[in-house]
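**Q** input_13.tsv (TSV, C-alpha atoms) pasted underneath:
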```tsv
chain	number	residue	atom	x	y	z
H	386	MET	CA	-8.91	50.40	-110.29
H	387	SER	CA	-6.43	48.59	-108.12
H	388	LEU	CA	-6.24	51.50	-105.72
H	389	ALA	CA	-9.97	51.55	-105.34
H	390	ARG	CA	-9.95	47.84	-104.60
H	391	VAL	CA	-7.30	48.22	-101.94
H	392	ALA	CA	-9.31	50.95	-100.32
H	393	HIS	CA	-12.41	48.81	-100.48
H	394	PHE	CA	-10.65	45.88	-98.82
H	395	ASN	CA	-9.30	48.14	-96.13
H	396	THR	CA	-12.69	49.46	-95.16
H	397	ARG	CA	-14.08	45.96	-95.12
H	398	ARG	CA	-11.33	44.72	-92.88
H	399	LEU	CA	-11.92	47.61	-90.51
H	400	THR	CA	-15.62	46.97	-90.24
H	401	GLN	CA	-15.16	43.22	-89.79
H	402	CYS	CA	-12.24	43.47	-87.37
H	403	ARG	CA	-10.85	40.08	-88.25
H	404	GLY	CA	-7.16	40.80	-88.31
H	405	PHE	CA	-5.90	37.32	-87.56
H	406	ALA	CA	-8.27	35.20	-89.60
H	407	ALA	CA	-6.53	33.94	-92.71
H	408	VAL	CA	-9.19	33.40	-95.34
H	409	SER	CA	-7.85	32.75	-98.81
H	410	SER	CA	-9.68	33.70	-101.96
H	411	SER	CA	-10.56	30.10	-102.79
H	412	ASN	CA	-12.58	29.66	-99.62
H	413	PRO	CA	-16.32	29.47	-99.53
H	414	PRO	CA	-17.61	32.43	-97.55
H	415	PRO	CA	-17.42	31.72	-93.83
H	416	ARG	CA	-20.79	30.76	-92.44
H	417	ALA	CA	-21.52	33.32	-89.79
H	418	GLY	CA	-23.24	32.18	-86.66
H	419	THR	CA	-23.35	28.48	-87.49
H	420	VAL	CA	-21.35	25.65	-86.03
H	421	GLY	CA	-20.53	23.08	-88.65
H	422	PRO	CA	-17.85	20.47	-89.19
H	423	TYR	CA	-14.43	21.89	-89.92
H	424	GLN	CA	-14.02	22.33	-93.65
H	425	VAL	CA	-10.78	20.87	-95.00
H	426	PHE	CA	-11.65	20.25	-98.63
H	427	ASP	CA	-13.30	22.43	-101.21
H	428	ARG	CA	-16.03	20.08	-102.44
H	429	ASN	CA	-17.04	22.36	-105.25
H	430	VAL	CA	-13.53	22.46	-106.65
H	431	LYS	CA	-13.27	18.70	-106.27
H	432	ARG	CA	-16.46	18.20	-108.26
H	433	MET	CA	-15.17	20.45	-111.04
H	434	GLN	CA	-11.80	18.69	-111.08
H	435	LYS	CA	-13.49	15.32	-111.42
H	436	ASP	CA	-15.85	16.54	-114.14
H	437	ARG	CA	-12.92	17.97	-116.06
H	438	ALA	CA	-10.80	14.87	-115.58
H	439	ALA	CA	-13.56	12.59	-116.86
H	440	THR	CA	-14.07	14.59	-120.04
H	441	ARG	CA	-10.42	15.41	-120.85
H	442	ASP	CA	-9.59	14.07	-124.33
H	443	GLY	CA	-13.03	12.50	-124.54
H	444	GLY	CA	-12.49	10.36	-121.44
H	445	VAL	CA	-9.41	8.56	-122.79
H	446	ARG	CA	-7.05	10.10	-120.25
H	447	SER	CA	-9.41	9.24	-117.44
H	448	THR	CA	-9.63	5.56	-118.37
H	449	THR	CA	-5.87	5.18	-118.71
H	450	VAL	CA	-5.37	6.25	-115.10
H	451	ASP	CA	-7.92	3.80	-113.69
H	452	TYR	CA	-5.12	1.49	-112.57
H	453	VAL	CA	-5.06	2.47	-108.89
H	454	ARG	CA	-8.82	2.41	-108.43
H	455	ASP	CA	-9.26	-0.81	-110.41
H	456	GLU	CA	-6.59	-2.51	-108.33
H	457	VAL	CA	-8.19	-1.40	-105.07
H	458	ALA	CA	-11.69	-2.31	-106.30
H	459	ASP	CA	-10.32	-5.75	-107.13
H	460	ARG	CA	-8.96	-6.21	-103.63
H	461	MET	CA	-12.21	-4.89	-102.19
H	462	ILE	CA	-14.38	-7.34	-104.10
H	463	GLU	CA	-12.37	-10.19	-102.57
H	464	ARG	CA	-13.44	-8.97	-99.17
H	465	PHE	CA	-16.99	-8.59	-100.40
H	466	LEU	CA	-17.09	-12.14	-101.75
H	467	ASP	CA	-15.89	-13.43	-98.38
H	468	ILE	CA	-19.21	-12.34	-96.91
H	469	LYS	CA	-21.58	-15.25	-97.20
H	470	ARG	CA	-24.72	-13.36	-97.95
H	471	THR	CA	-26.61	-12.18	-101.01
H	472	PHE	CA	-27.99	-8.68	-101.30
H	473	SER	CA	-30.91	-7.44	-103.34
H	474	SER	CA	-29.17	-4.12	-103.88
H	475	VAL	CA	-25.80	-2.55	-103.04
H	476	LEU	CA	-25.26	1.19	-102.67
H	477	ASP	CA	-21.93	2.37	-104.05
H	478	LEU	CA	-21.15	5.69	-102.37
H	479	GLY	CA	-18.72	7.89	-104.31
H	480	SER	CA	-18.65	5.30	-107.05
H	481	GLY	CA	-16.83	7.26	-109.72
H	482	PRO	CA	-17.49	5.48	-113.03
H	483	GLY	CA	-18.19	2.30	-111.05
H	484	HIS	CA	-14.85	0.60	-110.48
H	485	PHE	CA	-16.34	-1.57	-107.75
H	486	SER	CA	-19.85	-1.97	-109.14
H	487	LYS	CA	-18.47	-3.35	-112.40
H	488	LEU	CA	-17.04	-6.30	-110.50
H	489	LEU	CA	-20.33	-7.22	-108.83
H	490	GLU	CA	-21.88	-10.47	-110.01
H	491	LEU	CA	-25.48	-11.55	-110.25
H	492	ASN	CA	-25.11	-14.37	-107.73
H	493	LYS	CA	-24.22	-11.79	-105.05
H	494	THR	CA	-26.52	-8.92	-105.85
H	495	ARG	CA	-29.16	-7.95	-108.36
H	496	LYS	CA	-28.59	-4.24	-108.51
H	497	ALA	CA	-26.02	-1.54	-107.81
H	498	VAL	CA	-26.95	2.04	-106.97
H	499	MET	CA	-24.12	4.45	-107.70
H	500	ILE	CA	-23.88	7.86	-106.07
H	501	ASP	CA	-21.26	10.42	-107.04
H	502	SER	CA	-21.05	14.19	-106.87
H	503	SER	CA	-19.40	14.41	-110.28
H	504	GLU	CA	-21.99	13.82	-112.97
H	505	LYS	CA	-19.44	13.38	-115.77
H	506	THR	CA	-17.49	10.75	-113.85
H	507	LEU	CA	-20.66	8.96	-112.84
H	508	ASN	CA	-21.86	8.58	-116.43
H	509	ARG	CA	-18.44	7.93	-117.99
H	510	ASP	CA	-18.91	4.22	-118.62
H	511	PRO	CA	-21.97	2.67	-120.34
H	512	ASP	CA	-24.33	0.25	-118.58
H	513	SER	CA	-23.13	-2.57	-120.83
H	514	GLU	CA	-19.92	-2.81	-118.82
H	515	PHE	CA	-21.86	-3.85	-115.74
H	516	GLU	CA	-23.14	-7.32	-115.07
H	517	VAL	CA	-25.77	-6.18	-112.59
H	518	GLU	CA	-28.50	-3.60	-113.09
H	519	VAL	CA	-27.25	-0.09	-112.30
H	520	GLU	CA	-28.95	3.04	-111.13
H	521	ARG	CA	-26.95	6.29	-111.15
H	522	ILE	CA	-27.74	9.09	-108.74
H	523	HIS	CA	-25.96	12.40	-109.07
H	524	GLY	CA	-25.71	13.76	-105.55
H	525	ASP	CA	-23.33	14.93	-102.89
H	526	GLU	CA	-21.83	12.03	-100.95
H	527	GLU	CA	-21.65	14.23	-97.88
H	528	ASN	CA	-25.44	14.37	-97.65
H	529	LEU	CA	-26.25	10.70	-97.98
H	530	LEU	CA	-29.38	10.84	-95.86
H	531	GLN	CA	-30.87	13.46	-98.18
H	532	ILE	CA	-30.53	11.01	-101.07
H	533	VAL	CA	-31.61	7.73	-99.46
H	534	GLU	CA	-33.92	7.11	-96.55
H	535	ALA	CA	-32.77	5.92	-93.17
H	536	ASN	CA	-32.98	2.15	-92.57
H	537	SER	CA	-33.32	1.46	-96.28
H	538	GLN	CA	-30.06	-0.15	-97.49
H	539	GLU	CA	-28.82	-3.71	-97.16
H	540	ALA	CA	-25.23	-2.91	-98.02
H	541	ILE	CA	-23.25	0.26	-98.60
H	542	VAL	CA	-19.80	0.20	-100.16
H	543	SER	CA	-17.40	3.03	-100.83
H	544	CYS	CA	-14.32	2.64	-102.98
H	545	LEU	CA	-11.78	5.46	-102.65
H	546	SER	CA	-13.99	8.47	-102.20
H	547	LEU	CA	-14.12	9.06	-98.45
H	548	HIS	CA	-10.75	10.83	-98.44
H	549	TRP	CA	-12.42	13.92	-99.93
H	550	VAL	CA	-15.21	14.04	-97.36
H	551	ASN	CA	-14.93	16.89	-94.88
H	552	ASP	CA	-16.93	15.37	-92.07
H	553	LEU	CA	-15.72	11.78	-91.88
H	554	PRO	CA	-17.33	10.99	-88.49
H	555	GLY	CA	-20.57	12.46	-89.83
H	556	ILE	CA	-20.61	10.45	-93.05
H	557	LEU	CA	-19.98	7.24	-91.13
H	558	VAL	CA	-22.95	8.02	-88.89
H	559	GLN	CA	-25.06	8.73	-91.99
H	560	ILE	CA	-23.99	5.43	-93.54
H	561	LYS	CA	-24.96	3.59	-90.37
H	562	GLU	CA	-28.31	5.35	-90.29
H	563	ALA	CA	-29.01	4.58	-93.93
H	564	LEU	CA	-28.39	0.86	-93.39
H	565	LYS	CA	-31.05	-1.61	-92.35
H	566	PRO	CA	-30.32	-3.42	-89.08
H	567	ASP	CA	-27.56	-5.99	-89.65
H	568	GLY	CA	-26.59	-4.09	-92.82
H	569	LEU	CA	-23.06	-4.15	-94.16
H	570	PHE	CA	-20.66	-1.29	-94.70
H	571	LEU	CA	-17.52	-2.08	-96.69
H	572	GLY	CA	-15.17	0.77	-97.50
H	573	ALA	CA	-11.74	1.54	-98.85
H	574	MET	CA	-10.10	4.92	-98.47
H	575	PHE	CA	-6.67	6.45	-98.91
H	576	GLY	CA	-4.98	7.00	-95.61
H	577	GLY	CA	-1.84	7.54	-93.64
H	578	ASP	CA	1.21	7.40	-95.83
H	579	THR	CA	-0.46	7.94	-99.17
H	580	LEU	CA	1.83	9.95	-101.46
H	581	PHE	CA	4.26	10.64	-98.63
H	582	GLU	CA	7.10	10.82	-101.17
H	583	LEU	CA	5.39	13.65	-103.03
H	584	ARG	CA	4.43	15.38	-99.81
H	585	THR	CA	7.97	15.38	-98.40
H	586	SER	CA	9.62	16.35	-101.68
H	587	LEU	CA	7.34	19.34	-102.15
H	588	GLN	CA	7.79	20.38	-98.54
H	589	LEU	CA	11.58	20.20	-98.70
H	590	ALA	CA	11.63	22.06	-102.00
H	591	GLU	CA	9.34	24.78	-100.71
H	592	VAL	CA	11.33	25.24	-97.52
H	593	GLU	CA	14.64	25.44	-99.33
H	594	ARG	CA	13.44	27.63	-102.21
H	595	GLU	CA	10.76	29.78	-100.63
H	596	GLY	CA	11.28	29.43	-96.91
H	597	GLY	CA	7.88	28.01	-95.94
H	598	ILE	CA	5.37	25.30	-96.74
H	599	SER	CA	1.79	25.22	-97.96
H	600	PRO	CA	-0.63	22.30	-98.36
H	601	HIS	CA	-0.18	20.34	-101.59
H	602	VAL	CA	-1.12	16.84	-100.45
H	603	SER	CA	-4.29	16.36	-98.43
H	604	PRO	CA	-4.15	15.50	-94.76
H	605	MET	CA	-5.02	11.80	-94.48
H	606	THR	CA	-6.72	9.66	-91.90
H	607	ASP	CA	-4.71	7.29	-89.77
H	608	THR	CA	-5.63	3.60	-89.52
H	609	ARG	CA	-6.12	3.80	-85.76
H	610	ASP	CA	-8.53	6.69	-86.17
H	611	ILE	CA	-10.68	4.67	-88.55
H	612	SER	CA	-11.40	1.92	-86.02
H	613	ASN	CA	-12.25	4.57	-83.43
H	614	LEU	CA	-14.48	6.44	-85.86
H	615	LEU	CA	-16.31	3.27	-86.92
H	616	GLY	CA	-16.87	2.39	-83.29
H	617	ARG	CA	-18.00	5.88	-82.53
H	618	ALA	CA	-20.47	5.84	-85.43
H	619	GLY	CA	-22.04	2.73	-83.89
H	620	PHE	CA	-20.82	-0.05	-86.15
H	621	THR	CA	-20.15	-3.48	-84.64
H	622	LEU	CA	-17.95	-6.44	-85.63
H	623	LEU	CA	-15.31	-4.14	-87.07
H	624	THR	CA	-12.56	-5.26	-89.38
H	625	VAL	CA	-9.94	-2.72	-90.40
H	626	ASP	CA	-6.80	-3.50	-92.31
H	627	ILE	CA	-4.30	-1.64	-94.44
H	628	ASP	CA	-2.68	-2.41	-97.71
H	629	GLU	CA	-0.32	-0.59	-100.02
H	630	VAL	CA	-0.36	-0.09	-103.73
H	631	LYS	CA	3.02	1.04	-105.02
H	632	VAL	CA	3.27	2.47	-108.49
H	633	ALA	CA	6.48	3.39	-110.29
H	634	TYR	CA	6.50	6.50	-112.47
H	635	PRO	CA	9.16	7.86	-114.82
H	636	GLY	CA	9.24	11.07	-112.80
H	637	MET	CA	7.32	13.46	-110.58
H	638	TRP	CA	5.74	15.20	-113.56
H	639	GLU	CA	4.09	12.05	-114.82
H	640	LEU	CA	2.77	11.37	-111.32
H	641	LEU	CA	1.28	14.86	-111.11
H	642	GLU	CA	-0.30	14.50	-114.54
H	643	ASP	CA	-1.85	11.15	-113.68
H	644	LEU	CA	-3.17	12.43	-110.37
H	645	SER	CA	-4.83	15.29	-112.14
H	646	ASP	CA	-6.33	12.92	-114.74
H	647	MET	CA	-7.71	10.83	-111.89
H	648	GLY	CA	-9.45	13.96	-110.60
H	649	GLU	CA	-7.23	13.78	-107.54
H	650	ALA	CA	-5.61	17.19	-107.83
H	651	ASN	CA	-5.25	19.34	-104.75
H	652	ALA	CA	-8.54	20.60	-103.30
H	653	VAL	CA	-7.49	21.57	-99.80
H	654	ILE	CA	-9.10	24.81	-98.67
H	655	GLY	CA	-6.44	27.50	-98.36
H	656	ARG	CA	-4.11	25.94	-100.89
H	657	ARG	CA	-2.11	28.20	-103.12
H	658	ASN	CA	-3.23	27.89	-106.71
H	659	PHE	CA	0.28	28.50	-107.92
H	660	ILE	CA	3.58	26.69	-107.47
H	661	HIS	CA	6.69	28.46	-108.64
H	662	LYS	CA	8.56	26.68	-111.41
H	663	ASP	CA	11.72	26.77	-109.30
H	664	THR	CA	9.95	24.88	-106.55
H	665	LEU	CA	8.58	22.28	-108.94
H	666	ALA	CA	11.99	21.73	-110.51
H	667	ALA	CA	13.53	21.46	-107.05
H	668	ALA	CA	10.85	19.02	-105.88
H	669	SER	CA	11.38	16.86	-108.94
H	670	ALA	CA	15.12	16.70	-108.24
H	671	ILE	CA	14.60	15.94	-104.55
H	672	TYR	CA	11.97	13.27	-105.26
H	673	LYS	CA	14.37	11.44	-107.51
H	674	GLU	CA	17.36	11.65	-105.16
H	675	MET	CA	15.48	10.89	-101.98
H	676	HIS	CA	12.98	8.21	-102.99
H	677	GLY	CA	14.01	7.19	-106.51
H	678	ASN	CA	14.32	3.55	-107.54
H	679	GLU	CA	17.57	2.16	-108.84
H	680	ASP	CA	16.27	1.95	-112.40
H	681	GLY	CA	15.70	5.71	-112.49
H	682	SER	CA	11.95	5.61	-111.92
H	683	ILE	CA	10.26	7.01	-108.83
H	684	PRO	CA	7.79	5.21	-106.56
H	685	ALA	CA	4.46	6.56	-105.35
H	686	THR	CA	2.79	4.85	-102.41
H	687	PHE	CA	-0.97	4.63	-102.12
H	688	GLN	CA	-1.90	3.34	-98.70
H	689	VAL	CA	-5.42	2.01	-98.58
H	690	ILE	CA	-7.46	1.41	-95.44
H	691	TYR	CA	-10.13	-1.28	-95.84
H	692	MET	CA	-12.95	-1.24	-93.34
H	693	ILE	CA	-15.88	-3.51	-92.66
H	694	GLY	CA	-18.60	-2.67	-90.14
H	695	TRP	CA	-22.10	-3.91	-89.44
H	696	LYS	CA	-25.11	-2.03	-88.17
H	697	PRO	CA	-26.11	-3.52	-84.84
H	698	ALA	CA	-29.10	-5.86	-84.75
H	699	PRO	CA	-30.48	-8.01	-81.94
H	700	ASN	CA	-29.88	-11.30	-83.79
H	701	GLN	CA	-26.21	-10.52	-84.51
H	702	PRO	CA	-23.43	-12.58	-82.93
H	703	LYS	CA	-21.87	-10.68	-80.05
H	704	PRO	CA	-18.52	-11.06	-78.32
H	705	LEU	CA	-18.70	-13.09	-75.12
H	706	ASP	CA	-18.05	-11.40	-71.80
H	707	ARG	CA	-14.52	-11.19	-70.52
H	708	GLY	CA	-13.39	-14.21	-68.58
H	709	THR	CA	-16.00	-16.60	-70.00
H	710	GLY	CA	-13.47	-18.41	-72.20
H	711	LYS	CA	-12.95	-22.07	-71.20
H	712	VAL	CA	-10.13	-23.01	-73.56
H	713	ASN	CA	-6.59	-21.89	-72.89
H	714	LEU	CA	-5.17	-20.49	-76.12
H	715	LYS	CA	-1.68	-21.45	-74.99
H	716	GLU	CA	-2.55	-25.12	-75.35
H	717	ILE	CA	-3.78	-24.65	-78.89
H	718	LEU	CA	-1.05	-22.41	-80.30
E	939	MET	CA	13.26	9.52	-127.31
E	940	THR	CA	13.64	11.18	-130.71
E	941	VAL	CA	10.52	9.38	-131.89
E	942	VAL	CA	8.52	10.92	-129.09
E	943	LYS	CA	9.91	14.34	-129.88
E	944	SER	CA	9.05	14.23	-133.56
E	945	ALA	CA	5.67	12.62	-132.99
E	946	VAL	CA	4.63	15.37	-130.60
E	947	PRO	CA	5.98	18.58	-132.12
E	948	ARG	CA	3.71	20.88	-130.13
E	949	GLN	CA	4.44	20.25	-126.48
E	950	THR	CA	3.23	22.61	-123.81
E	951	PRO	CA	5.95	24.73	-122.20
E	952	LEU	CA	5.46	22.89	-118.93
E	953	LYS	CA	5.99	19.54	-120.65
E	954	ARG	CA	9.22	20.81	-122.16
E	955	PHE	CA	10.24	22.18	-118.79
E	956	ALA	CA	9.51	18.80	-117.20
E	957	LEU	CA	11.63	17.06	-119.82
E	958	HIS	CA	14.55	19.39	-119.18
E	959	THR	CA	14.43	18.97	-115.40
E	960	THR	CA	14.57	15.19	-115.68
E	961	SER	CA	16.75	14.53	-118.73
E	962	THR	CA	18.59	17.53	-120.13
E	963	CYS	CA	19.71	18.83	-116.73
E	964	ALA	CA	19.65	15.52	-114.91
E	965	SER	CA	23.20	15.82	-113.58
E	966	GLN	CA	22.63	19.29	-112.09
E	967	ALA	CA	19.31	18.09	-110.66
E	968	SER	CA	21.09	15.18	-109.06
E	969	VAL	CA	23.71	17.45	-107.46
E	970	TYR	CA	20.98	19.66	-106.03
E	971	GLY	CA	18.98	16.68	-104.80
E	972	LYS	CA	22.01	15.19	-103.10
E	973	CYS	CA	22.69	18.49	-101.36
E	974	ILE	CA	19.17	18.47	-99.89
E	975	VAL	CA	19.16	14.79	-98.98
E	976	ALA	CA	22.51	15.16	-97.19
E	977	ASN	CA	20.82	17.41	-94.67
E	978	TYR	CA	17.10	16.84	-95.09
E	979	THR	CA	16.23	16.82	-91.39
E	980	ASP	CA	17.27	20.45	-91.05
E	981	VAL	CA	16.53	22.25	-94.29
E	982	GLN	CA	16.92	26.01	-94.28
E	983	LYS	CA	16.00	28.51	-96.94
E	984	ASP	CA	18.73	28.85	-99.58
E	985	MET	CA	20.66	25.98	-98.04
E	986	CYS	CA	21.56	24.70	-101.50
E	987	LYS	CA	21.45	28.02	-103.29
E	988	GLU	CA	24.61	27.47	-105.33
E	989	GLU	CA	23.56	24.00	-106.48
E	990	PHE	CA	20.14	25.27	-107.47
E	991	ALA	CA	21.64	28.20	-109.35
E	992	GLN	CA	23.61	25.73	-111.48
E	993	PHE	CA	20.46	23.68	-112.07
E	994	LYS	CA	18.45	26.73	-113.00
E	995	ARG	CA	21.16	28.04	-115.34
E	996	CYS	CA	21.01	24.77	-117.21
E	997	LEU	CA	17.20	24.90	-117.37
E	998	ARG	CA	17.25	28.45	-118.67
E	999	ASN	CA	19.71	27.54	-121.38
E	1000	ALA	CA	17.60	24.54	-122.34
E	1001	MET	CA	14.34	26.49	-122.37
E	1002	LYS	CA	16.04	29.40	-124.13
E	1003	ARG	CA	14.24	31.93	-122.00
E	1004	LYS	CA	14.01	33.40	-118.55
E	1005	TRP	CA	11.18	33.06	-116.07
```
What is this structure when it is put down as structure tokens?
**A**
Amino acid sequence: MSLARVAHFNTRRLTQCRGFAAVSSSNPPPRAGTVGPYQVFDRNVKRMQKDRAATRDGGVRSTTVDYVRDEVADRMIERFLDIKRTFSSVLDLGSGPGHFSKLLELNKTRKAVMIDSSEKTLNRDPDSEFEVEVERIHGDEENLLQIVEANSQEAIVSCLSLHWVNDLPGILVQIKEALKPDGLFLGAMFGGDTLFELRTSLQLAEVEREGGISPHVSPMTDTRDISNLLGRAGFTLLTVDIDEVKVAYPGMWELLEDLSDMGEANAVIGRRNFIHKDTLAAASAIYKEMHGNEDGSIPATFQVIYMIGWKPAPNQPKPLDRGTGKVNLKEIL
Amino acid sequence: MTVVKSAVPRQTPLKRFALHTTSTCASQASVYGKCIVANYTDVQKDMCKEEFAQFKRCLRNAMKRKW
């Protein structure tokens, strides 16, 4: 059996003549003859991970690890409330069970539309937990314009889902297109230094034990890139800022378990589905020695990038031309 | 600690392994970690082989099996 398979693979390799292309077994088949955005994440695996996480132990495990998302949603709603405008409906892209939508109040908006690719996560929490009316749409966040029409939304928000999107420039363009003129986009995504402790510990352990590294923590977007991408997508009046959520865990194992319960396990294309026990033990030891707190716990950093952008409209305030300022800032400050 | 152990008699092997890496063999883990941290900008394969061997010996004894 195994011999036959080897022979089969050999003939295939010969006919395809792709000696240098490294395609791992977890990849979707390469799309021949098409030019698409570079695929970093396996969306299908991510959807399954989230479905599994939301149903594990009847959803209990999933709710106990809501702390990061709830905290970020809380900080995001502050930014939302700062906007002096009421909306008839808000679209929550990659809503999960609705961490952000739950915080919406009737004096700001009447309705929240939640979109998520994981059906189980989307329907985890009952409507009674929401103050506003909710509509749940099960659909792929990456194809927003196939779910909603262009120029149809007053406000689109996204709370911690964009870090699993393959084509980030593309999704930002889609969000802009889906908005009505002068529509609001408010987003929060993991970026930059998120989980850098875990990333470095695993890398050091793998190098020392196995002599090489493989992806365990996703590549993340930098803050500077976000402002460029928002500008490139055509948003105006940009506001981008970063914030950190630091969580202390008893050890690396508890962190890994919680990440998996959040549905945030590794879904990078080309990842190895297996980590040797030696490497894990080594990483746990390194994590503690290198980053550990004095009380014996270990910290995990979640860096969050908040972004606000508006779809251009003729009646929007615009920056004045250079050199038109009449007041010298030196005199004021 | 003992309460946790008796309350959860059936732990998965990985959970037990995790417990041993952080508590039972904490001192060996610490020695290994310090060895890496002392030279973390230039880590080579098997740089801390001896320290890890000690750590692993302890884990094997604790788990009562090889892997």
**Q** Near chain E, meaning an atom within 10 Å, which residues of chain H appear when counting only C-alpha atoms? Write them as a PDB file with C-alpha atoms, keeping the file's coordinate frame.
**A**
```pdb
ATOM      1  CA  THR H 585       7.970  15.380 -98.400  1.00  0.00           C
ATOM      2  CA  SER H 586       9.620  16.350-101.680  1.00  0.00           C
ATOM      3  CA  GLN H 588       7.790  20.380 -98.540  1.00  0.00           C
ATOM      4  CA  LEU H 589      11.580  20.200 -98.700  1.00  0.00           C
ATOM      5  CA  ALA H 590      11.630  22.060-102.000  1.00  0.00           C
ATOM      6  CA  GLU H 591       9.340  24.780-100.710  1.00  0.00           C
ATOM      7  CA  VAL H 592      11.330  25.240 -97.520  1.00  0.00           C
ATOM      8  CA  GLU H 593      14.640  25.440 -99.330  1.00  0.00           C
ATOM      9  CA  ARG H 594      13.440  27.630-102.210  1.00  0.00           C
ATOM     10  CA  GLU H 595      10.760  29.780-100.630  1.00  0.00           C
ATOM     11  CA  GLY H 596      11.280  29.430 -96.910  1.00  0.00           C
ATOM     12  CA  GLY H 597       7.880  28.010 -95.940  1.00  0.00           C
ATOM     13  CA  PRO H 635       9.160   7.860-114.820  1.00  0.00           C
ATOM     14  CA  GLY H 636       9.240  11.070-112.800  1.00  0.00           C
ATOM     15  CA  MET H 637       7.320  13.460-110.580  1.00  0.00           C
ATOM     16  CA  TRP H 638       5.740  15.200-113.560  1.00  0.00           C
ATOM     17  CA  GLU H 639       4.090  12.050-114.820  1.00  0.00           C
ATOM     18  CA  HIS H 661       6.690  28.460-108.640  1.00  0.00           C
ATOM     19  CA  LYS H 662       8.560  26.680-111.410  1.00  0.00           C
ATOM     20  CA  ASP H 663      11.720  26.770-109.300  1.00  0.00           C
ATOM     21  CA  LEU H 665       8.580  22.280-108.940  1.00  0.00           C
ATOM     22  CA  ALA H 666      11.990  21.730-110.510  1.00  0.00           C
ATOM     23  CA  ALA H 667      13.530  21.460-107.050  1.00  0.00           C
ATOM     24  CA  ALA H 668      10.850  19.020-105.880  1.00  0.00           C
ATOM     25  CA  SER H 669      11.380  16.860-108.940  1.00  0.00           C
ATOM     26  CA  ALA H 670      15.120  16.700-108.240  1.00  0.00           C
ATOM     27  CA  ILE H 671      14.600  15.940-104.550  1.00  0.00           C
ATOM     28  CA  TYR H 672      11.970  13.270-105.260  1.00  0.00           C
ATOM     29  CA  LYS H 673      14.370  11.440-107.510  1.00  0.00           C
ATOM     30  CA  GLU H 674      17.360  11.650-105.160  1.00  0.00           C
ATOM     31  CA  MET H 675      15.480  10.890-101.980  1.00  0.00           C
ATOM     32  CA  HIS H 676      12.980   8.210-102.990  1.00  0.00           C
TER      33      HIS H 676
END
```
**Q** So which one's closest to H:Arg584, H:Gly555, H:Gly572, H:Pro604, H:Pro566? Using only C-alpha atoms, please.
**A**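 Closest to H:Arg584 of all the choices is H:Pro604.
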**Q** Atom CA of H:Leu564 and atom CA of H:Leu489 are how many Å apart?
**A** 19.2 Å
**Q** Give as a list in words every residue, naming chains and numbers as the document does, that has an atom within 7 Å of (-22.4, 5.7, -86.6), counting only C-alpha atoms.
**A** Leu557, Val558, Gln559, Lys561, Glu562, Leu615, Arg617, Ala618, Gly619 and Phe620 of chain H
**Q** Could the residues in this selection be written to a file with C-alpha atoms, as a PDB file, keeping the file's coordinate frame?
**A**
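Output saved as selection.pdb:
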```pdb
ATOM      1  CA  LEU H 557     -19.980   7.240 -91.130  1.00  0.00           C
ATOM      2  CA  VAL H 558     -22.950   8.020 -88.890  1.00  0.00           C
ATOM      3  CA  GLN H 559     -25.060   8.730 -91.990  1.00  0.00           C
ATOM      4  CA  LYS H 561     -24.960   3.590 -90.370  1.00  0.00           C
ATOM      5  CA  GLU H 562     -28.310   5.350 -90.290  1.00  0.00           C
ATOM      6  CA  LEU H 615     -16.310   3.270 -86.920  1.00  0.00           C
ATOM      7  CA  ARG H 617     -18.000   5.880 -82.530  1.00  0.00           C
ATOM      8  CA  ALA H 618     -20.470   5.840 -85.430  1.00  0.00           C
ATOM      9  CA  GLY H 619     -22.040   2.730 -83.890  1.00  0.00           C
ATOM     10  CA  PHE H 620     -20.820  -0.050 -86.150  1.00  0.00           C
TER      11      PHE H 620
END
```
**Q** Tell me, in Å to one decimal, how far atom CA of H:Met499 is from atom CA of H:Pro554.
**A**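 Spanning atom CA of H:Met499 to atom CA of H:Pro554 is a straight-line distance of 21.4 Å.
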**Q** Do you have the atom CA of H:Asp567-atom CA of H:Trp695 distance handy?
**A**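 Computing the Euclidean distance for atom CA of H:Asp567 and atom CA of H:Trp695 yields 5.8 Å.
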**Q** Restricting the calculation to all atoms listed in the file, which member of H:Asp477, H:Glu716, H:Asp626, H:Glu534 is positioned closest to H:Ala458?
**A**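 Going through H:Asp477, H:Glu716, H:Asp626, H:Glu534 one by one, the smallest distance to H:Ala458 is for H:Asp477.
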**Q** Give me the residues within 9 Å of stretch 579-582 of chain H as number ranges by chain, counting only C-alpha atoms and dropping any in the same chain fewer than 4 places off.
**A** H: 575, 586-587, 602, 605, 629, 672, 675-676, 684-689
**Q** For the residues in the current selection, export C-alpha atoms as a PDB file, keeping the file's coordinate frame.
**A**
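Below is the file part-v6.pdb, written as the result:
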```pdb
ATOM      1  CA  PHE H 575      -6.670   6.450 -98.910  1.00  0.00           C
ATOM      2  CA  SER H 586       9.620  16.350-101.680  1.00  0.00           C
ATOM      3  CA  LEU H 587       7.340  19.340-102.150  1.00  0.00           C
ATOM      4  CA  VAL H 602      -1.120  16.840-100.450  1.00  0.00           C
ATOM      5  CA  MET H 605      -5.020  11.800 -94.480  1.00  0.00           C
ATOM      6  CA  GLU H 629      -0.320  -0.590-100.020  1.00  0.00           C
ATOM      7  CA  TYR H 672      11.970  13.270-105.260  1.00  0.00           C
ATOM      8  CA  MET H 675      15.480  10.890-101.980  1.00  0.00           C
ATOM      9  CA  HIS H 676      12.980   8.210-102.990  1.00  0.00           C
ATOM     10  CA  PRO H 684       7.790   5.210-106.560  1.00  0.00           C
ATOM     11  CA  ALA H 685       4.460   6.560-105.350  1.00  0.00           C
ATOM     12  CA  THR H 686       2.790   4.850-102.410  1.00  0.00           C
ATOM     13  CA  PHE H 687      -0.970   4.630-102.120  1.00  0.00           C
ATOM     14  CA  GLN H 688      -1.900   3.340 -98.700  1.00  0.00           C
ATOM     15  CA  VAL H 689      -5.420   2.010 -98.580  1.00  0.00           C
TER      16      VAL H 689
END
```
